[in-house]
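Asks: Below is the structure I would like to discuss, written out as structure tokens.
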Amino acid sequence: MKKSTHLRKELNLTQYEMSELLNITRSQLSLFELGLRELPTTALVRSSQIGIFMATTKAPEAKDYPQIADWEEEKEKFLTKALDDCKHFQSGIIRKLPKMEEEYRATLNLLQLIDYFKEQEDKEDALHPGALVTLEDKAMKSLERCGPKEMVRQNYQLMMLQKQEELLNELIESNRIEKKE
């Protein structure tokens with residue numbers, strides 16, 4: 001039966017790191033964890049000392065460590081920048097959508113006009129076939145840029161950015177609450 005690795009896991013140490021802490025070899029620790037050997041007395045004493053220390057000290061807080069405080073500040077900067085970027089991308093899409101809708105309506109009008117001129121091709125004042133091809137090409141390119149597929153994609157992206165903004169605001173708020181505590 002395996003011996004407990006609770007202390008090592010609580011400290012997030014590898015077997016090698018824990019064996020260094022206990023001043024034994026990694027293989028000795030491995031055999032102990034497998035339940036095949038006992039720890040040397042000095043390692044048992046050190047393990048007990050560590051266990052007692054962990055059980056009797058208060059839980060550490062990030063503010064107790066300056067290097068972590070710097071990371072907390074970086075986290076806040078990251079979240080703020082991510083929120084600013086998110087809002088920037090949203091405003092770009094919000095500005096773009098009405099222009100896309102306008103171009104889409106104009107393209108539909110152009111397609112309707114092309115159909116009209118195609119009906120007129122047998123008449124004397126018909127539009128040159130090359131001009132029709134050019135107009136159709138322009139309409140197809142416009143549909144790629146602002147057709148229903150692209151507008152749905154932009155609306156979807158906007159919805160995703162709005163959800164991202166909500167999540168970022170929640171993270172920023174929870175970060176502020178943690179700082180106050």
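Naming scheme: A, B, ... for chains in displayed order of the structure tokens; residues 1 onward per chain; ligands 1 onward as shown.
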Using only C-alpha atoms, determine which residues lie at most 7 Å from Arg46 (chain A), disregarding the query and same-chain residues fewer than 4 positions distant; provide the list as a short mmCIF file (atom, residue, chain, number, x, y, z; two decimals) with N, CA and C atoms, in the first residue's frame.
Replies:
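Listed below is the output, out-v2.cif:
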```
data_model
loop_
_atom_site.label_atom_id
_atom_site.label_comp_id
_atom_site.auth_asym_id
_atom_site.auth_seq_id
_atom_site.Cartn_x
_atom_site.Cartn_y
_atom_site.Cartn_z
N LEU A 22 14.31 16.65 2.59
CA LEU A 22 14.47 15.66 3.67
C LEU A 22 15.90 15.15 3.80
N THR A 42 16.31 10.65 10.57
CA THR A 42 16.48 12.10 10.38
C THR A 42 15.45 12.65 9.39
N ILE A 50 8.18 19.57 9.27
CA ILE A 50 7.51 20.25 8.16
C ILE A 50 6.00 20.12 8.31
#
```
Asks: Env of Lys77 (chain A): 12 Å cut, atoms = only C-alpha atoms, seq-sep filter 6 positions within chain, self excluded. Answer as a ChimeraX atom specification.
Replies: /A:70-71,83-84,168,172,175
Asks: Restricting the calculation to only C-alpha atoms, which member of A:Ile52, A:Leu7, A:Leu158, A:Leu108 is positioned closest to Glu33 (chain A)?
Replies: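 Going through A:Ile52, A:Leu7, A:Leu158, A:Leu108 one by one, the smallest distance to Glu33 (chain A) is for A:Leu7.
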Asks: Per DSSP on the backbone, what are the alpha helix (DSSP H) residues of chain A, as number ranges by chain?
Replies: A: 6-10, 15-22, 26-33, 41-56, 66-119, 129-146, 148-180
Asks: Quick one: write out the picked residues with C-alpha atoms as a compact mmCIF listing (two decimals), in the first residue's frame?
Replies:
```
# COMPACT_ATOMS: atom_id res chain seq x y z
CA HIS A 6 0.17 14.53 1.05
CA LEU A 7 2.96 16.80 2.32
CA ARG A 8 4.87 16.69 -0.96
CA LYS A 9 1.70 17.41 -2.95
CA GLU A 10 0.68 20.22 -0.58
CA GLN A 15 10.12 13.62 -5.51
CA TYR A 16 13.58 14.99 -6.17
CA GLU A 17 12.78 18.35 -4.54
CA MET A 18 11.16 16.69 -1.51
CA SER A 19 14.10 14.31 -1.14
CA GLU A 20 16.43 17.36 -1.11
CA LEU A 21 14.28 18.88 1.64
CA LEU A 22 14.47 15.66 3.67
CA ARG A 26 14.99 10.41 -4.53
CA SER A 27 14.96 6.63 -4.68
CA GLN A 28 14.65 6.43 -0.87
CA LEU A 29 11.64 8.73 -1.03
CA SER A 30 10.15 6.79 -3.91
CA LEU A 31 10.48 3.49 -2.03
CA PHE A 32 8.92 5.11 1.04
CA GLU A 33 5.97 6.45 -0.98
CA THR A 41 15.08 8.67 11.29
CA THR A 42 16.48 12.10 10.38
CA ALA A 43 14.14 12.30 7.39
CA LEU A 44 11.17 11.26 9.57
CA VAL A 45 12.04 13.97 12.08
CA ARG A 46 12.35 16.61 9.32
CA SER A 47 9.11 15.39 7.73
CA SER A 48 7.35 15.73 11.09
CA GLN A 49 8.78 19.21 11.59
CA ILE A 50 7.51 20.25 8.16
CA GLY A 51 4.10 18.70 8.84
CA ILE A 52 3.80 20.47 12.19
CA PHE A 53 4.89 23.76 10.65
CA MET A 54 2.35 23.44 7.85
CA ALA A 55 -0.44 22.51 10.28
CA THR A 56 0.21 25.27 12.80
CA PRO A 66 6.79 41.35 -2.41
CA GLN A 67 7.54 39.34 -5.54
CA ILE A 68 3.93 38.15 -5.64
CA ALA A 69 2.66 41.69 -5.02
CA ASP A 70 4.47 42.70 -8.23
CA TRP A 71 2.70 39.89 -10.07
CA GLU A 72 -0.63 41.03 -8.66
CA GLU A 73 0.06 44.50 -10.05
CA GLU A 74 0.97 42.95 -13.41
CA LYS A 75 -2.25 40.93 -13.31
CA GLU A 76 -4.26 44.10 -12.81
CA LYS A 77 -2.43 45.84 -15.67
CA PHE A 78 -3.03 42.82 -17.92
CA LEU A 79 -6.74 42.71 -17.11
CA THR A 80 -7.12 46.46 -17.65
CA LYS A 81 -5.33 46.32 -20.99
CA ALA A 82 -7.36 43.28 -22.07
CA LEU A 83 -10.55 45.16 -21.20
CA ASP A 84 -9.41 48.24 -23.12
CA ASP A 85 -8.51 46.08 -26.15
CA CYS A 86 -11.86 44.32 -25.96
CA LYS A 87 -13.74 47.64 -25.92
CA HIS A 88 -11.61 48.94 -28.79
CA PHE A 89 -12.39 45.89 -30.97
CA GLN A 90 -16.08 46.18 -30.11
CA SER A 91 -16.21 49.84 -31.12
CA GLY A 92 -14.50 48.98 -34.41
CA ILE A 93 -17.14 46.38 -35.21
CA ILE A 94 -19.96 48.68 -34.09
CA ARG A 95 -18.67 51.37 -36.47
CA LYS A 96 -18.18 48.84 -39.27
CA LEU A 97 -21.59 47.11 -39.19
CA PRO A 98 -23.74 50.03 -40.44
CA LYS A 99 -21.30 50.62 -43.31
CA MET A 100 -21.45 46.91 -44.17
CA GLU A 101 -25.26 46.98 -44.15
CA GLU A 102 -25.26 50.05 -46.38
CA GLU A 103 -22.81 48.43 -48.82
CA TYR A 104 -24.87 45.23 -48.78
CA ARG A 105 -28.07 47.12 -49.69
CA ALA A 106 -26.19 48.96 -52.46
CA THR A 107 -24.87 45.62 -53.76
CA LEU A 108 -28.39 44.21 -53.86
CA ASN A 109 -29.44 47.26 -55.88
CA LEU A 110 -26.47 46.70 -58.22
CA LEU A 111 -27.42 43.03 -58.68
CA GLN A 112 -30.97 44.08 -59.50
CA LEU A 113 -29.63 46.59 -62.05
CA ILE A 114 -27.38 43.91 -63.59
CA ASP A 115 -30.41 41.64 -64.00
CA TYR A 116 -32.28 44.49 -65.68
CA PHE A 117 -29.42 45.06 -68.14
CA LYS A 118 -29.19 41.33 -68.86
CA GLU A 119 -32.84 41.43 -69.92
CA PRO A 129 -21.25 42.33 -72.06
CA GLY A 130 -17.79 43.20 -70.70
CA ALA A 131 -19.32 45.92 -68.54
CA LEU A 132 -21.83 43.42 -67.14
CA VAL A 133 -18.99 41.03 -66.23
CA THR A 134 -17.13 43.87 -64.51
CA LEU A 135 -20.23 44.89 -62.55
CA GLU A 136 -20.98 41.29 -61.55
CA ASP A 137 -17.38 40.86 -60.39
CA LYS A 138 -17.65 44.04 -58.31
CA ALA A 139 -20.93 42.81 -56.78
CA MET A 140 -19.46 39.41 -55.87
CA LYS A 141 -16.42 41.01 -54.21
CA SER A 142 -18.72 43.33 -52.31
CA LEU A 143 -20.79 40.35 -51.10
CA GLU A 144 -17.62 38.68 -49.82
CA ARG A 145 -16.80 41.83 -47.83
CA CYS A 146 -20.25 42.68 -46.52
CA PRO A 148 -24.86 38.04 -44.97
CA LYS A 149 -22.07 35.59 -44.11
CA GLU A 150 -19.62 38.36 -43.18
CA MET A 151 -22.26 40.33 -41.25
CA VAL A 152 -23.15 37.23 -39.23
CA ARG A 153 -19.45 36.69 -38.55
CA GLN A 154 -19.04 40.30 -37.38
CA ASN A 155 -22.16 40.11 -35.17
CA TYR A 156 -20.92 36.83 -33.69
CA GLN A 157 -17.53 38.39 -33.01
CA LEU A 158 -19.23 41.38 -31.37
CA MET A 159 -21.28 39.07 -29.12
CA MET A 160 -18.13 37.17 -28.14
CA LEU A 161 -16.34 40.43 -27.32
CA GLN A 162 -19.30 41.57 -25.22
CA LYS A 163 -19.16 38.31 -23.24
CA GLN A 164 -15.40 38.71 -22.90
CA GLU A 165 -15.95 42.24 -21.56
CA GLU A 166 -18.38 40.89 -18.95
CA LEU A 167 -15.88 38.26 -17.84
CA LEU A 168 -13.02 40.74 -17.70
CA ASN A 169 -15.14 43.11 -15.61
CA GLU A 170 -15.94 40.25 -13.22
CA LEU A 171 -12.25 39.34 -12.97
CA ILE A 172 -11.26 42.95 -12.34
CA GLU A 173 -13.96 43.30 -9.68
CA SER A 174 -12.98 40.05 -7.95
CA ASN A 175 -9.36 41.16 -8.06
CA ARG A 176 -10.33 44.44 -6.32
CA ILE A 177 -12.30 42.56 -3.68
CA GLU A 178 -9.31 40.26 -3.03
CA LYS A 179 -7.04 43.29 -2.63
CA LYS A 180 -9.37 44.87 -0.05
```
Asks: Rounded to one decimal place, report the CA of Leu11 (chain A)-CA of Thr57 (chain A) distance in Å.
Replies: 13.9 Å
